[in-house]
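Okay, so here's the structure we're looking at.
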Amino acid sequence: MSFRYFKHWLRFSSVQSIIVLALASIYNLSGASAQTTPKGGIDWILVVDTSASMRGVGGTKNIFEPVKNSITEFVNTARLGDTVTIYTFDKDVTLNADNIKITSNPDRGKLKQIISSLQAEGVRTHTGKAVQKALQHSALLNKRADALGRTVSIVFLTDGLEDVRGIPNPVLIPSNTQFLREQQCKPYIFFVSLGLKEHEK
């Protein structure tokens, strides 16, 4: 599988509509790859910034609820057989949903409950570690017995720059390059960057 890397630097008037458009575009790109074999299916890894600036702390625009609403809308449209993993990150990274397979509406409901419970209360933005965790998860997915013909798509939703001040031994974004090169099946990686924030104080 080829490797794609997209950055969307967005000046927004309607955050939710822009995220929905971005996710729809990502879905179409990933879906086209997943349909090249009979099995198909997409393993989604959604990585969501939960630093406090996402809800307007520090004078930035509060975009967290529109982000959550957009992810919920995305879950409503995901195909049967797709899986969804959700990570959140601020100064550390948390796994909130682990490979939940969409086979029926109750599966969508479980994901929507998890999305609804997310809070943007964190400090710092440890993007490098979030990238690391997502790539490690991708590598595990590609080792599964049923991985043939499936596509792994990683989507990062963040409002700004990496900020690792005060974090001991931080994982910086460039440090993940070699790990990505070593993966046999490279995931599609998409950054949806919702404007650049100033570092948290």
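Chain labels run A, B, ... following the order of the structure tokens; each chain numbers its residues from 1, and ligands are numbered from 1 in the order shown.
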So that I can check the surroundings of Asp90 in chain A, please list as a PDB file with C-alpha atoms, in the first residue's frame every protein, DNA and RNA residue that reaches within 6 Å of it, counting only C-alpha atoms and ignoring chain neighbours fewer than 6 positions away.
```pdb
ATOM      1  CA  THR A  50      -7.779  17.081  24.007  1.00  0.00           C
ATOM      2  CA  SER A  51      -5.626  19.986  25.157  1.00  0.00           C
ATOM      3  CA  GLY A 122      -5.348  18.681  29.158  1.00  0.00           C
ATOM      4  CA  VAL A 123      -2.190  20.771  29.030  1.00  0.00           C
ATOM      5  CA  ARG A 124       0.533  20.556  26.387  1.00  0.00           C
ATOM      6  CA  THR A 125       0.229  18.853  23.006  1.00  0.00           C
ATOM      7  CA  HIS A 126       2.367  15.703  22.769  1.00  0.00           C
TER       8      HIS A 126
END
```
Inset, instruction - as a PyMOL selection string, please: all residues of range 15-172 of chain A that backbone DSSP puts in strand (DSSP E). - result: chain A and resi 42-49+83-89+93-101+151-158
Inset, instruction - Excluding Gly56 in chain A and residues on its chain fewer than 3 positions from it, collect all residues at most 12 Å away from it, counting only C-alpha atoms, and give them as a PyMOL selection string. - result: chain A and resi 50-53+59-65+120-121+159+197-198+200
Write the residues you've just listed into a file as a compact mmCIF listing (two decimals), in the first residue's frame, and include N, CA and C atoms for each of them.
```txt
# COMPACT_ATOMS: atom_id res chain seq x y z
N THR A 50 -6.92 16.71 22.88
CA THR A 50 -7.78 17.08 24.01
C THR A 50 -7.10 18.10 24.93
N SER A 51 -6.18 18.89 24.37
CA SER A 51 -5.63 19.99 25.16
C SER A 51 -6.71 21.05 25.35
N ALA A 52 -6.59 21.82 26.42
CA ALA A 52 -7.66 22.74 26.80
C ALA A 52 -7.93 23.81 25.76
N SER A 53 -6.96 24.11 24.91
CA SER A 53 -7.18 25.12 23.88
C SER A 53 -8.26 24.69 22.88
N GLY A 59 -7.91 31.88 25.00
CA GLY A 59 -8.36 32.85 24.01
C GLY A 59 -8.57 32.31 22.62
N THR A 60 -8.40 31.01 22.43
CA THR A 60 -8.65 30.42 21.12
C THR A 60 -10.14 30.12 20.96
N LYS A 61 -10.56 29.78 19.76
CA LYS A 61 -11.96 29.47 19.51
C LYS A 61 -12.31 28.09 20.06
N ASN A 62 -13.46 27.98 20.69
CA ASN A 62 -13.92 26.70 21.22
C ASN A 62 -14.43 25.85 20.06
N ILE A 63 -13.65 24.82 19.72
CA ILE A 63 -14.02 23.97 18.58
C ILE A 63 -14.27 22.51 18.99
N PHE A 64 -14.19 22.23 20.29
CA PHE A 64 -14.20 20.82 20.69
C PHE A 64 -15.55 20.15 20.44
N GLU A 65 -16.66 20.82 20.76
CA GLU A 65 -17.96 20.20 20.51
C GLU A 65 -18.21 19.98 19.02
N ALA A 120 -11.89 18.05 26.83
CA ALA A 120 -10.65 18.75 26.49
C ALA A 120 -10.18 19.53 27.70
N GLU A 121 -9.45 18.86 28.58
CA GLU A 121 -9.01 19.47 29.84
C GLU A 121 -7.49 19.46 29.97
N ASP A 159 -5.66 21.35 16.87
CA ASP A 159 -5.79 22.78 16.58
C ASP A 159 -4.46 23.50 16.58
N LYS A 197 -2.53 27.32 17.03
CA LYS A 197 -2.71 28.00 18.32
C LYS A 197 -1.35 28.42 18.87
N GLU A 198 -1.37 29.33 19.80
CA GLU A 198 -0.16 29.67 20.52
C GLU A 198 0.06 28.62 21.60
N GLU A 200 0.30 26.75 24.99
CA GLU A 200 -0.41 26.93 26.25
C GLU A 200 0.52 27.56 27.28
```
Legend entry - Test item: residues at most 10 Å from Asn76 in chain A, only C-alpha atoms, excluding those fewer than 5 positions along its chain, as a ChimeraX atom specification: /A:70-71,102,105,108-109,111-112
Selected residues written out with all heavy atoms, as a compact mmCIF listing (two decimals), in the first residue's frame:
```txt
# COMPACT_ATOMS: atom_id res chain seq x y z
N SER A 70 -18.66 16.15 14.62
CA SER A 70 -18.20 15.69 13.31
C SER A 70 -17.77 14.23 13.35
O SER A 70 -18.06 13.47 12.41
CB SER A 70 -17.03 16.56 12.83
OG SER A 70 -17.41 17.90 12.74
N ILE A 71 -17.09 13.84 14.42
CA ILE A 71 -16.67 12.44 14.54
C ILE A 71 -17.90 11.54 14.68
O ILE A 71 -17.97 10.45 14.10
CB ILE A 71 -15.72 12.25 15.74
CG1 ILE A 71 -14.46 13.09 15.54
CG2 ILE A 71 -15.35 10.78 15.91
CD1 ILE A 71 -13.56 13.14 16.76
N ILE A 102 -17.76 -2.26 13.42
CA ILE A 102 -19.13 -1.83 13.16
C ILE A 102 -19.87 -2.93 12.43
O ILE A 102 -19.64 -3.19 11.25
CB ILE A 102 -19.16 -0.52 12.35
CG1 ILE A 102 -18.47 0.60 13.14
CG2 ILE A 102 -20.59 -0.13 12.00
CD1 ILE A 102 -18.36 1.91 12.41
N ASN A 105 -26.07 -1.15 14.52
CA ASN A 105 -26.25 0.17 15.15
C ASN A 105 -25.78 0.22 16.60
O ASN A 105 -25.28 1.26 17.05
CB ASN A 105 -27.70 0.61 15.04
CG ASN A 105 -28.01 1.14 13.65
OD1 ASN A 105 -27.13 1.62 12.94
ND2 ASN A 105 -29.27 1.04 13.24
N ARG A 108 -22.29 1.36 16.65
CA ARG A 108 -22.19 2.80 16.45
C ARG A 108 -22.56 3.55 17.74
O ARG A 108 -21.94 4.55 18.10
CB ARG A 108 -23.12 3.24 15.31
CG ARG A 108 -22.81 2.62 13.97
CD ARG A 108 -23.74 3.18 12.88
NE ARG A 108 -23.80 2.31 11.73
CZ ARG A 108 -22.96 2.32 10.72
NH1 ARG A 108 -21.97 3.18 10.73
NH2 ARG A 108 -23.10 1.49 9.70
N GLY A 109 -23.57 3.05 18.44
CA GLY A 109 -23.99 3.67 19.69
C GLY A 109 -22.90 3.64 20.73
O GLY A 109 -22.70 4.62 21.47
N LEU A 111 -19.67 3.60 20.19
CA LEU A 111 -18.67 4.58 19.79
C LEU A 111 -19.14 5.99 20.10
O LEU A 111 -18.38 6.84 20.58
CB LEU A 111 -18.37 4.44 18.30
CG LEU A 111 -17.45 3.27 17.92
CD1 LEU A 111 -17.54 2.99 16.42
CD2 LEU A 111 -16.01 3.58 18.31
N LYS A 112 -20.41 6.27 19.84
CA LYS A 112 -20.94 7.61 20.07
C LYS A 112 -20.95 7.96 21.55
O LYS A 112 -20.74 9.12 21.93
CB LYS A 112 -22.33 7.74 19.44
CG LYS A 112 -22.27 7.81 17.91
CD LYS A 112 -23.59 8.15 17.27
CE LYS A 112 -24.49 6.95 17.18
NZ LYS A 112 -25.71 7.24 16.37
```
Kindly assemble as a tab-separated table a list of the range 60-127 of chain A residues that lie within 12 Å of range 146-150 of chain A, each paired with its nearest atom pair and their distance in Å to one decimal, using only C-alpha atoms, sorted first by chain and then by ascending residue number.
```
residue	atom	partner	partner_atom	distance
A:Gly81	CA	A:Arg150	CA	10.1
A:Asp82	CA	A:Arg150	CA	9.1
A:Thr83	CA	A:Arg150	CA	10.3
```
Can you write just those residues out, N, CA and C atoms, as a PDB file, in the first residue's frame?
```
ATOM      1  N   GLY A  81     -18.398  -3.473   8.824  1.00  0.00           N
ATOM      2  CA  GLY A  81     -17.126  -4.169   8.651  1.00  0.00           C
ATOM      3  C   GLY A  81     -15.919  -3.302   8.936  1.00  0.00           C
ATOM      4  N   ASP A  82     -16.090  -1.973   8.925  1.00  0.00           N
ATOM      5  CA  ASP A  82     -14.998  -1.084   9.324  1.00  0.00           C
ATOM      6  C   ASP A  82     -14.772  -1.207  10.831  1.00  0.00           C
ATOM      7  N   THR A  83     -13.575  -0.885  11.273  1.00  0.00           N
ATOM      8  CA  THR A  83     -13.300  -0.803  12.703  1.00  0.00           C
ATOM      9  C   THR A  83     -12.882   0.622  13.040  1.00  0.00           C
TER      10      THR A  83
END
```
Inset, instruction - Please return as a PyMOL selection string: the residues of chain A that backbone DSSP assigns to alpha helix (DSSP H). - result: chain A and resi 15-34+64-77+105-117+127-141+177-182
